[in-house]
>>> print(open('my_file.txt').read())   # compact mmCIF, C-alpha atoms
# COMPACT_ATOMS: atom_id res chain seq x y z
CA MET E 5 0.00 0.00 0.00
CA ALA E 6 1.38 3.41 -0.92
CA ASP E 7 1.89 6.01 1.78
CA THR E 8 -0.31 9.08 1.68
CA LEU E 9 1.62 12.32 1.67
CA GLY E 10 0.18 15.76 2.33
CA VAL E 11 1.80 18.91 0.93
CA ARG E 12 1.74 22.39 2.52
CA ARG E 13 3.11 25.56 0.92
CA ASP E 14 4.16 28.51 3.11
CA GLY E 15 1.44 27.83 5.68
CA SER E 16 -1.46 28.13 3.22
CA ILE E 17 -3.95 25.34 2.51
CA THR E 18 -4.85 24.79 -1.12
CA ALA E 19 -7.39 22.32 -2.49
CA ALA E 20 -5.12 20.45 -4.87
CA ALA E 21 -4.09 16.88 -5.57
CA ASN E 22 -1.20 15.48 -7.55
CA SER E 23 0.34 12.11 -8.30
CA ILE E 24 4.02 11.35 -7.82
CA ARG E 25 5.30 8.31 -9.63
CA ASN E 26 8.51 6.63 -8.59
CA PRO E 27 10.02 3.21 -9.25
CA THR E 28 8.51 1.90 -6.03
CA SER E 29 4.92 3.05 -5.94
CA THR E 30 2.34 5.66 -6.79
CA VAL E 31 2.03 8.20 -3.98
CA ALA E 32 -1.02 10.39 -3.54
CA VAL E 33 -0.25 13.98 -2.50
CA HIS E 34 -2.77 16.37 -0.96
CA GLU E 35 -2.86 19.46 1.27
CA PRO E 36 -2.86 18.80 5.04
CA GLN E 37 -3.06 20.85 8.18
CA SER E 38 -0.16 23.12 9.13
CA ALA E 39 3.11 21.28 9.69
CA ASN E 40 3.34 22.87 13.13
CA GLU E 41 0.02 21.46 14.32
CA PRO E 42 0.13 18.28 16.43
CA ALA E 43 -0.69 15.10 14.55
CA ARG E 44 -3.02 13.89 17.30
CA SER E 45 -5.28 15.15 20.01
CA THR E 46 -3.99 14.45 23.49
CA SER E 47 -3.83 15.98 26.92
CA ALA E 48 -0.07 15.43 27.15
CA PRO E 49 2.29 17.35 24.84
CA PRO E 50 3.98 15.17 22.22
CA PHE E 51 7.67 14.31 22.32
CA ARG E 52 8.90 16.38 19.39
CA VAL E 53 11.75 15.06 17.23
CA LEU E 54 13.63 16.89 14.48
CA LEU E 55 15.09 14.18 12.23
CA THR E 56 17.57 14.80 9.42
CA CYS E 57 18.94 12.47 6.75
CA ASP E 58 20.44 13.07 3.33
CA PHE E 59 18.09 10.84 1.31
CA PHE E 60 14.57 9.53 1.75
CA GLU E 61 11.51 8.30 -0.11
CA PRO E 62 10.55 8.36 -2.91
CA GLY E 63 14.29 7.82 -3.49
CA PHE E 64 15.87 4.41 -3.06
CA ARG E 65 19.46 4.53 -4.36
CA ALA E 66 20.97 5.18 -0.90
CA GLY E 67 19.82 1.70 0.07
CA GLY E 68 19.12 0.38 3.55
CA PRO E 69 19.20 3.66 5.55
CA ILE E 70 16.19 4.95 3.59
CA ARG E 71 14.17 1.84 4.38
CA SER E 72 15.31 1.80 8.02
CA VAL E 73 14.27 5.42 8.59
CA ALA E 74 10.97 4.85 6.78
CA GLN E 75 10.17 1.87 8.98
CA LEU E 76 11.17 3.82 12.09
CA LEU E 77 8.64 6.51 11.19
CA ASP E 78 6.00 3.81 10.75
CA VAL E 79 6.52 2.23 14.19
CA VAL E 80 7.01 5.22 16.51
CA SER E 81 4.31 5.58 19.14
CA PRO E 82 1.56 8.23 18.93
CA ALA E 83 3.39 10.03 21.75
CA ILE E 84 6.05 11.15 19.24
CA GLU E 85 5.72 13.88 16.64
CA VAL E 86 8.46 13.93 13.97
CA THR E 87 9.57 16.78 11.75
CA MET E 88 12.02 15.59 9.11
CA VAL E 89 14.41 17.41 6.74
CA THR E 90 15.88 15.64 3.71
CA ARG E 91 17.14 16.38 0.22
CA ASP E 92 14.73 16.91 -2.63
CA ARG E 93 16.38 14.30 -4.89
CA ASP E 94 17.80 10.79 -4.87
CA LEU E 95 21.45 9.82 -4.44
CA GLY E 96 23.41 10.69 -7.59
CA SER E 97 20.45 12.45 -9.24
CA SER E 98 20.56 16.00 -10.58
CA GLU E 99 16.76 16.18 -10.85
CA PRO E 100 14.47 16.84 -7.85
CA TYR E 101 11.45 14.69 -7.11
CA PRO E 102 8.46 16.06 -9.04
CA GLY E 103 6.50 18.59 -7.02
CA LEU E 104 8.32 18.16 -3.68
CA SER E 105 11.22 20.62 -3.63
CA GLY E 106 10.81 23.34 -0.99
CA ARG E 107 7.54 21.96 0.32
CA TRP E 108 6.17 20.43 3.50
CA VAL E 109 4.93 16.88 3.02
CA ARG E 110 2.96 14.80 5.49
CA ARG E 111 3.74 11.10 5.75
CA GLY E 112 1.51 9.58 8.41
CA ARG E 113 2.26 11.60 11.57
CA THR E 114 5.56 12.89 10.16
CA HIS E 115 6.04 16.24 8.43
CA ILE E 116 8.86 16.29 5.89
CA TRP E 117 10.64 19.24 4.27
CA TYR E 118 12.28 18.40 0.92
CA LEU E 119 15.22 20.78 0.65
CA ASP E 120 17.24 21.94 -2.34
CA PRO E 121 20.47 22.99 -0.57
CA ARG E 122 21.38 25.33 -3.44
CA ARG E 123 18.35 27.57 -2.88
CA PRO E 124 18.85 30.10 -0.02
CA GLY E 125 15.14 30.87 0.03
CA GLN E 126 14.36 27.30 1.04
CA TRP E 127 16.87 27.48 3.90
CA PHE E 128 15.26 30.67 5.22
CA GLY E 129 11.76 29.21 4.94
CA LEU E 130 12.86 26.06 6.73
CA LEU E 131 14.61 27.93 9.54
CA LYS E 132 11.58 30.16 10.05
CA ALA E 133 9.35 27.10 10.45
CA LEU E 134 11.74 25.26 12.78
CA ARG E 135 12.30 28.26 15.07
CA SER E 136 8.65 28.21 16.09
CA THR E 137 8.97 24.77 17.75
CA ARG E 138 10.91 23.48 20.75
CA PHE E 139 12.26 20.01 19.93
CA ASP E 140 12.90 17.42 22.60
CA LEU E 141 15.37 15.62 20.34
CA LEU E 142 17.48 16.30 17.26
CA TYR E 143 18.21 12.97 15.52
CA VAL E 144 20.87 13.15 12.77
CA ASN E 145 21.68 10.19 10.53
CA SER E 146 25.32 10.78 9.70
CA LEU E 147 28.46 12.14 11.27
CA TRP E 148 29.88 13.85 8.18
CA ALA E 149 26.84 14.99 6.17
CA ARG E 150 25.95 18.67 5.92
CA SER E 151 22.40 17.62 6.88
CA SER E 152 23.87 16.68 10.28
CA ILE E 153 26.55 19.32 10.78
CA LEU E 154 24.37 22.36 10.10
CA PRO E 155 21.48 21.49 12.45
CA ILE E 156 23.94 20.65 15.26
CA ILE E 157 25.62 24.03 14.76
CA ALA E 158 22.20 25.73 14.59
CA ALA E 159 21.23 24.09 17.88
CA ARG E 160 24.48 25.20 19.55
CA ALA E 161 23.92 28.76 18.25
CA ARG E 162 20.32 28.60 19.54
CA LEU E 163 18.93 29.24 16.08
CA ILE E 164 16.71 26.23 16.74
CA ARG E 165 15.60 25.03 20.17
CA VAL E 166 16.78 21.48 20.90
CA GLU E 167 16.95 19.75 24.29
CA ARG E 168 19.29 16.90 23.29
CA THR E 169 20.95 15.45 20.20
CA LEU E 170 21.08 11.82 19.02
CA ILE E 171 23.70 10.89 16.40
CA ALA E 172 23.52 7.75 14.25
CA PRO E 173 26.92 7.39 12.53
CA ARG E 174 25.56 4.64 10.22
CA GLY E 175 28.87 2.77 10.08
CA GLU E 176 30.96 5.87 9.38
CA LEU E 177 33.29 5.15 12.31
CA ALA E 178 34.28 1.70 11.05
CA THR E 179 37.98 1.35 10.28
CA SER E 180 37.26 0.75 6.59
CA ALA E 181 35.05 3.85 6.39
CA LEU E 182 37.55 6.07 8.22
CA GLY E 183 40.22 4.87 5.80
CA VAL E 184 38.49 6.66 2.93
CA LYS E 185 39.72 10.29 2.86
CA ASN E 186 41.41 9.51 6.17
CA ARG E 187 43.37 12.75 6.60
CA LYS E 188 40.36 14.93 5.91
CA LYS E 189 38.16 12.98 8.34
CA ARG E 190 40.77 13.00 11.12
CA LEU E 191 41.17 16.77 10.79
CA PHE E 192 37.40 17.23 10.81
CA LEU E 193 37.03 15.08 13.93
CA ARG E 194 39.61 17.19 15.72
CA VAL E 195 37.53 20.33 15.04
CA TRP E 196 34.15 18.65 15.50
CA GLN E 197 34.71 16.76 18.75
CA PRO E 198 34.12 19.75 21.08
CA PHE E 199 30.62 20.06 19.63
CA LEU E 200 29.89 16.39 20.38
CA ARG E 201 31.56 15.88 23.78
CA ARG E 202 28.61 17.25 25.70
CA PRO E 203 26.19 15.70 28.21
CA ASP E 204 23.20 16.44 25.95
CA VAL E 205 24.68 14.41 23.03
CA LEU E 206 23.74 10.74 22.72
CA TRP E 207 24.72 8.13 20.13
CA HIS E 208 22.65 5.50 18.34
CA ALA E 209 24.63 2.30 17.71
CA THR E 210 22.92 -0.45 15.73
CA SER E 211 25.09 -3.22 17.22
CA PRO E 212 27.47 -3.78 20.14
CA HIS E 213 30.34 -3.65 17.64
CA GLU E 214 29.34 -0.18 16.46
CA ALA E 215 29.04 0.91 20.10
CA GLN E 216 32.70 -0.11 20.56
CA LEU E 217 33.69 1.90 17.50
CA ILE E 218 31.92 4.99 18.86
CA ARG E 219 33.61 4.65 22.27
CA LYS E 220 36.98 4.30 20.57
CA VAL E 221 36.64 7.69 18.86
CA PHE E 222 34.46 9.38 21.51
CA PRO E 223 35.41 7.88 24.92
CA GLY E 224 32.79 8.28 27.61
CA SER E 225 29.93 8.74 25.12
CA ARG E 226 26.36 7.96 26.13
CA ILE E 227 25.27 5.24 23.70
CA GLU E 228 21.90 3.61 23.06
CA THR E 229 22.24 0.31 21.19
CA ARG E 230 19.22 -0.61 19.11
CA ARG E 231 19.24 -2.41 15.78
CA ASN E 232 17.65 -0.71 12.78
CA GLU E 233 14.02 -1.19 11.97
CA ALA E 234 13.30 -3.64 9.15
CA SER E 235 10.04 -3.61 7.22
CA LEU E 236 10.11 -7.32 6.40
CA PRO E 237 7.58 -10.13 6.85
CA PRO E 238 7.90 -12.62 9.73
CA GLU E 239 8.33 -15.58 7.36
CA ALA E 240 10.86 -16.12 4.58
CA ILE E 241 9.90 -16.83 0.99
CA THR E 242 9.57 -20.59 0.52
CA PRO E 243 12.40 -21.60 -1.84
CA SER E 244 12.03 -23.81 -4.88
CA GLN E 245 14.79 -25.84 -6.48
CA ILE E 246 16.94 -24.06 -9.07
CA ASP E 247 18.24 -26.48 -11.67
CA GLY E 248 21.21 -25.82 -13.91
CA PRO E 249 24.45 -24.11 -12.89
CA PRO E 250 24.60 -22.26 -9.55
CA ARG E 251 23.22 -18.72 -9.68
CA LEU E 252 25.04 -16.08 -7.63
CA VAL E 253 23.98 -12.47 -7.13
CA PHE E 254 25.33 -9.15 -5.86
CA ILE E 255 22.80 -6.44 -4.92
CA GLY E 256 24.14 -3.14 -3.62
CA ARG E 257 25.71 0.18 -4.46
CA ILE E 258 28.66 -0.12 -6.83
CA SER E 259 31.29 1.45 -4.58
CA PRO E 260 34.58 0.31 -3.00
CA ILE E 261 33.01 -0.16 0.45
CA LYS E 262 30.77 -2.94 -0.92
CA ASN E 263 33.81 -4.72 -2.42
CA LEU E 264 32.26 -6.08 -5.61
CA SER E 265 35.70 -6.26 -7.23
CA ALA E 266 36.69 -8.97 -4.73
CA VAL E 267 33.85 -11.18 -5.99
CA ILE E 268 34.84 -10.75 -9.62
CA GLU E 269 38.49 -11.43 -8.88
CA ALA E 270 37.54 -14.56 -6.90
CA LEU E 271 35.42 -15.82 -9.79
CA SER E 272 38.48 -15.68 -12.03
CA HIS E 273 39.99 -18.45 -9.88
CA THR E 274 36.98 -20.77 -10.14
CA THR E 275 36.65 -23.61 -12.64
CA ARG E 276 33.00 -24.62 -12.34
CA GLU E 277 30.17 -23.31 -14.49
CA MET E 278 28.10 -20.60 -12.78
CA VAL E 279 26.03 -17.45 -13.32
CA PHE E 280 26.79 -14.17 -11.55
CA ASP E 281 24.38 -11.23 -11.84
CA ILE E 282 25.01 -7.72 -10.49
CA TYR E 283 22.30 -5.21 -9.49
CA GLY E 284 22.78 -1.74 -8.08
CA PRO E 285 23.35 1.96 -8.80
CA LEU E 286 26.75 2.90 -10.28
CA GLU E 287 27.72 5.20 -7.43
CA ASP E 288 31.46 5.22 -8.22
CA THR E 289 32.05 5.14 -11.98
CA ALA E 290 35.84 4.81 -11.67
CA TYR E 291 35.38 1.77 -9.44
CA TRP E 292 32.90 0.28 -11.93
CA VAL E 293 35.53 0.63 -14.69
CA GLU E 294 37.91 -1.34 -12.45
CA CYS E 295 35.26 -4.05 -11.99
CA GLN E 296 34.68 -4.24 -15.74
CA GLN E 297 38.41 -4.68 -16.36
CA LEU E 298 38.47 -7.59 -13.89
CA ALA E 299 35.41 -9.12 -15.55
CA ARG E 300 37.26 -9.36 -18.86
CA ARG E 301 39.61 -11.91 -17.26
CA LEU E 302 36.85 -14.30 -16.21
CA PRO E 303 36.89 -17.83 -17.60
CA ALA E 304 34.26 -18.89 -20.13
CA SER E 305 32.59 -20.99 -17.42
CA VAL E 306 31.41 -17.82 -15.62
CA THR E 307 28.54 -15.80 -17.09
CA LEU E 308 28.57 -12.29 -15.60
CA SER E 309 25.84 -9.71 -16.28
CA TYR E 310 25.09 -6.23 -14.94
CA ARG E 311 21.31 -5.93 -14.73
CA GLY E 312 20.82 -2.34 -13.57
CA GLU E 313 19.07 -0.92 -10.52
CA LEU E 314 16.29 -2.47 -8.47
CA ALA E 315 13.38 -0.65 -6.85
CA PRO E 316 12.91 -1.69 -3.20
CA HIS E 317 9.87 -3.87 -3.90
CA GLU E 318 11.89 -5.85 -6.46
CA VAL E 319 14.74 -6.82 -4.13
CA ARG E 320 13.26 -9.82 -2.31
CA PRO E 321 11.71 -11.47 -5.40
CA THR E 322 15.07 -11.04 -7.14
CA PHE E 323 16.99 -12.70 -4.29
CA ALA E 324 14.54 -15.61 -4.42
CA ARG E 325 15.83 -16.53 -7.90
CA TYR E 326 19.43 -17.14 -6.74
CA ASP E 327 21.40 -19.75 -4.81
CA ALA E 328 23.55 -17.27 -2.88
CA PHE E 329 24.22 -13.59 -2.29
CA VAL E 330 27.98 -12.87 -2.39
CA PHE E 331 28.68 -9.75 -0.31
CA PRO E 332 32.29 -9.31 0.92
CA THR E 333 31.53 -5.82 2.25
CA ARG E 334 34.27 -3.84 3.99
CA GLY E 335 31.81 -2.78 6.67
CA GLU E 336 28.09 -2.49 7.48
CA ASN E 337 26.61 -0.96 10.60
CA PHE E 338 23.45 -3.02 9.95
CA GLY E 339 23.21 -4.48 6.46
CA HIS E 340 19.53 -4.24 5.52
CA VAL E 341 20.26 -6.05 2.25
CA ILE E 342 21.48 -9.10 4.21
CA ALA E 343 18.13 -9.27 6.00
CA GLU E 344 16.38 -9.02 2.63
CA SER E 345 18.47 -11.86 1.22
CA LEU E 346 17.73 -14.17 4.14
CA SER E 347 14.04 -13.22 3.98
CA ALA E 348 14.06 -14.59 0.42
CA SER E 349 15.77 -17.83 1.56
CA CYS E 350 18.97 -16.82 -0.22
CA PRO E 351 22.15 -17.76 1.69
CA VAL E 352 24.80 -15.05 2.16
CA ILE E 353 28.55 -15.39 1.64
CA CYS E 354 29.76 -12.41 3.60
CA SER E 355 32.72 -10.77 5.33
CA ASP E 356 32.79 -10.61 9.14
CA GLN E 357 32.40 -6.81 9.01
CA THR E 358 28.65 -6.87 9.74
CA PRO E 359 26.45 -7.61 12.79
CA TRP E 360 25.13 -10.72 11.01
CA THR E 361 27.95 -13.16 11.79
CA PRO E 362 26.05 -15.27 14.40
CA VAL E 363 22.95 -15.49 12.18
CA LEU E 364 24.90 -16.52 9.10
CA GLN E 365 26.99 -19.04 11.00
CA ALA E 366 23.78 -20.61 12.33
CA GLY E 367 22.76 -21.55 8.81
CA GLY E 368 22.27 -18.41 6.82
CA GLY E 369 25.44 -18.81 4.76
CA ALA E 370 29.18 -18.39 5.32
CA VAL E 371 31.28 -15.74 7.07
CA LEU E 372 34.84 -14.93 5.98
CA ALA E 373 37.23 -13.49 8.54
CA ASP E 374 39.82 -12.90 5.83
CA VAL E 375 38.38 -11.79 2.49
CA THR E 376 40.93 -12.70 -0.16
CA PRO E 377 40.40 -14.00 -3.71
CA ALA E 378 41.52 -17.43 -2.48
CA THR E 379 39.14 -17.68 0.51
CA LEU E 380 36.23 -16.23 -1.43
CA SER E 381 36.75 -18.47 -4.46
CA HIS E 382 36.95 -21.47 -2.11
CA GLN E 383 33.50 -20.68 -0.69
CA ILE E 384 32.07 -20.10 -4.15
CA ASP E 385 33.54 -23.37 -5.42
CA ARG E 386 32.14 -25.20 -2.41
CA LEU E 387 28.67 -23.90 -3.23
CA ALA E 388 29.09 -24.63 -6.93
CA GLY E 389 29.95 -28.24 -6.09
CA LEU E 390 26.57 -28.85 -4.42
CA SER E 391 23.77 -30.61 -6.25
CA PRO E 392 20.53 -28.69 -6.94
CA ALA E 393 18.89 -30.56 -4.05
CA GLU E 394 21.75 -29.63 -1.69
CA ARG E 395 21.57 -25.99 -2.78
CA LEU E 396 17.84 -26.07 -2.04
CA GLU E 397 18.53 -27.33 1.49
CA ALA E 398 21.05 -24.50 1.99
CA ARG E 399 18.34 -22.03 0.96
CA ARG E 400 15.91 -23.58 3.43
CA ALA E 401 18.55 -23.18 6.14
CA ALA E 402 18.85 -19.48 5.25
CA GLY E 403 15.09 -19.13 5.62
CA ARG E 404 15.19 -20.80 9.04
CA ALA E 405 18.00 -18.49 10.14
CA TYR E 406 15.92 -15.50 9.05
CA HIS E 407 12.90 -16.77 10.98
CA SER E 408 14.95 -17.08 14.18
CA TRP E 409 16.37 -13.58 13.74
CA ARG E 410 12.98 -12.06 12.94
CA ALA E 411 11.43 -13.63 16.03
CA GLU E 412 13.88 -11.90 18.34
CA SER E 413 12.36 -9.05 20.31
CA ALA E 414 14.33 -5.82 20.07
CA GLY E 415 12.07 -3.79 22.33
CA PRO E 416 10.95 -0.20 21.69
CA ASN E 417 12.33 1.65 18.68
CA ILE E 418 15.18 4.10 19.19
CA LEU E 419 13.01 7.25 19.39
CA ASP E 420 10.66 5.75 21.97
CA ARG E 421 13.65 4.55 23.98
CA ILE E 422 14.98 8.10 24.17
CA ARG E 423 11.51 9.44 24.99
CA LEU E 424 11.00 6.93 27.80
CA ALA E 425 14.46 7.62 29.22
CA ALA E 426 13.71 11.35 29.26
CA ASP E 427 10.28 10.88 30.86
CA PRO E 428 9.61 7.35 32.21
CA ASN E 429 6.06 8.39 33.02
>>> encode(input="my_file.txt", output="structure tokens")
Amino acid sequence: MADTLGVRRDGSITAAANSIRNPTSTVAVHEPQSANEPARSTSAPPFRVLLTCDFFEPGFRAGGPIRSVAQLLDVVSPAIEVTMVTRDRDLGSSEPYPGLSGRWVRRGRTHIWYLDPRRPGQWFGLLKALRSTRFDLLYVNSLWARSSILPIIAARARLIRVERTLIAPRGELATSALGVKNRKKRLFLRVWQPFLRRPDVLWHATSPHEAQLIRKVFPGSRIETRRNEASLPPEAITPSQIDGPPRLVFIGRISPIKNLSAVIEALSHTTREMVFDIYGPLEDTAYWVECQQLARRLPASVTLSYRGELAPHEVRPTFARYDAFVFPTRGENFGHVIAESLSASCPVICSDQTPWTPVLQAGGGAVLADVTPATLSHQIDRLAGLSPAERLEARRAAGRAYHSWRAESAGPNILDRIRLAADPN
């Protein structure tokens, strides 16, 4: 079912309706009440949250964080009122979403401002609207993004009224992530740390491992550990046998952090017949050229194809058509795509740089502590040596591992945890 979005312009209410088409769904847009009005009637004031993230629906190219934030907005309690600021276009796109730039949009109980950062008038309109509200929490979904830095500075300068700040680094403090543009990031951290070493700053870690990474860079930090929200069904797709050569898949952004080149290089050392399909946005074109050069060295027994981008609703059905998802990522703070693969009963061959190691070791696939062409090709060859019936049983095991993970209770979502900690009553 498509979400219903309401659009407000400069505080006025206009009787108008539009349709916004995107690769995922058709979204109805209509004029709501003022964005500053409470979304519910209650005797107690709502817990007001200002949430920022670089990319959001109807975009999808930024991957898991979009879906995690969307699901978070869907599960917060009625006691919370969210105002959200995001960009007016998708990752890597030069074109804004039709009819959304510089406008307030209502998504359920959340009011969203789609910002074009290059238009000063939109910044002034946004600041004017935000200054009229006292926020109990500022929740930023990045450590480096301008969409995080500017609101934190605005809060410190009292341009907006914020009681406390919650930072979700989204894996940006992993060793592999810090290694990219390392000198620039280290210099920035040196300047930025005084803003973040404060009693009113909290951190959202999505795993105990990420909590350790945060403490390493910011000792003494107050950290709330809560896994990301996942909008996935309780049961995995029932697998059916796939005859013919093994079918492997990679679904993700084409960028060095996802390590697609390691898969292609490993395939050059295999001897068995197999199919390898790649899906995802070409985020780093220079890296994609490197991957293409490696692909030219593949033996004739390997059929490699790039099949373009997938809309979110296409991901699980696509996984269901393959014997394994090969994902030697250099680091994931959550790894929404791994959950999607398991939910389609597709085993995962993965690095140990994700929170999924226990789940995958329990039957969801294989975990590599040392991702080299030799170790990766060994796992791929092992899979390729299985009969179709044995590959089917491996897929059933992945589905069982998903079911066990999905049944775990994670407790209240991150925003309600912060709300309850601030006011247990």
>>> closest_residue(input="my_file.txt", among="E:Asp420, E:Glu277, E:Asp78, E:Asp356", to="Arg111 of chain E", atoms="only C-alpha atoms")
E:Asp78
>>> residues_around(input="my_file.txt", residues="Gly403 of chain E", least_positions_apart="5", cutoff="12 Å", atoms="all atoms listed in the file", output="ChimeraX atom specification")
/E:237-244,323-324,342-352,363-364,366-369,396-398,408-410
>>> closest_residue(input="my_file.txt", among="E:Arg257, E:His317, E:His340, E:Arg231", to="Tyr291 of chain E", atoms="all atoms listed in the file")
E:Arg257
>>> residues_around(input="my_file.txt", residues="segment 84-95 of chain E", least_positions_apart="5", cutoff="7 Å", atoms="all atoms listed in the file", output="mmCIF file with C-alpha atoms, in the frame of the given file")
data_model
loop_
_atom_site.group_PDB
_atom_site.id
_atom_site.type_symbol
_atom_site.label_atom_id
_atom_site.label_comp_id
_atom_site.auth_asym_id
_atom_site.auth_seq_id
_atom_site.Cartn_x
_atom_site.Cartn_y
_atom_site.Cartn_z
ATOM 1 C CA ALA E 43 -0.690 15.100 14.550
ATOM 2 C CA PRO E 50 3.980 15.170 22.220
ATOM 3 C CA PHE E 51 7.670 14.310 22.320
ATOM 4 C CA ARG E 52 8.900 16.380 19.390
ATOM 5 C CA VAL E 53 11.750 15.060 17.230
ATOM 6 C CA LEU E 54 13.630 16.890 14.480
ATOM 7 C CA LEU E 55 15.090 14.180 12.230
ATOM 8 C CA THR E 56 17.570 14.800 9.420
ATOM 9 C CA CYS E 57 18.940 12.470 6.750
ATOM 10 C CA ASP E 58 20.440 13.070 3.330
ATOM 11 C CA PHE E 59 18.090 10.840 1.310
ATOM 12 C CA PHE E 60 14.570 9.530 1.750
ATOM 13 C CA GLY E 63 14.290 7.820 -3.490
ATOM 14 C CA PHE E 64 15.870 4.410 -3.060
ATOM 15 C CA ARG E 65 19.460 4.530 -4.360
ATOM 16 C CA ALA E 66 20.970 5.180 -0.900
ATOM 17 C CA PRO E 100 14.470 16.840 -7.850
ATOM 18 C CA TYR E 101 11.450 14.690 -7.110
ATOM 19 C CA LEU E 104 8.320 18.160 -3.680
ATOM 20 C CA SER E 105 11.220 20.620 -3.630
ATOM 21 C CA ARG E 113 2.260 11.600 11.570
ATOM 22 C CA THR E 114 5.560 12.890 10.160
ATOM 23 C CA HIS E 115 6.040 16.240 8.430
ATOM 24 C CA ILE E 116 8.860 16.290 5.890
ATOM 25 C CA TRP E 117 10.640 19.240 4.270
ATOM 26 C CA TYR E 118 12.280 18.400 0.920
ATOM 27 C CA LEU E 119 15.220 20.780 0.650
ATOM 28 C CA ASP E 120 17.240 21.940 -2.340
#
>>> atom_distance(input="my_file.txt", atom1="atom CA of Ala178 of chain E", atom2="atom CA of Asp374 of chain E")
16.5 Å
>>> atom_distance(input="my_file.txt", atom1="atom CA of Ile261 of chain E", atom2="atom CA of Arg334 of chain E")
5.3 Å
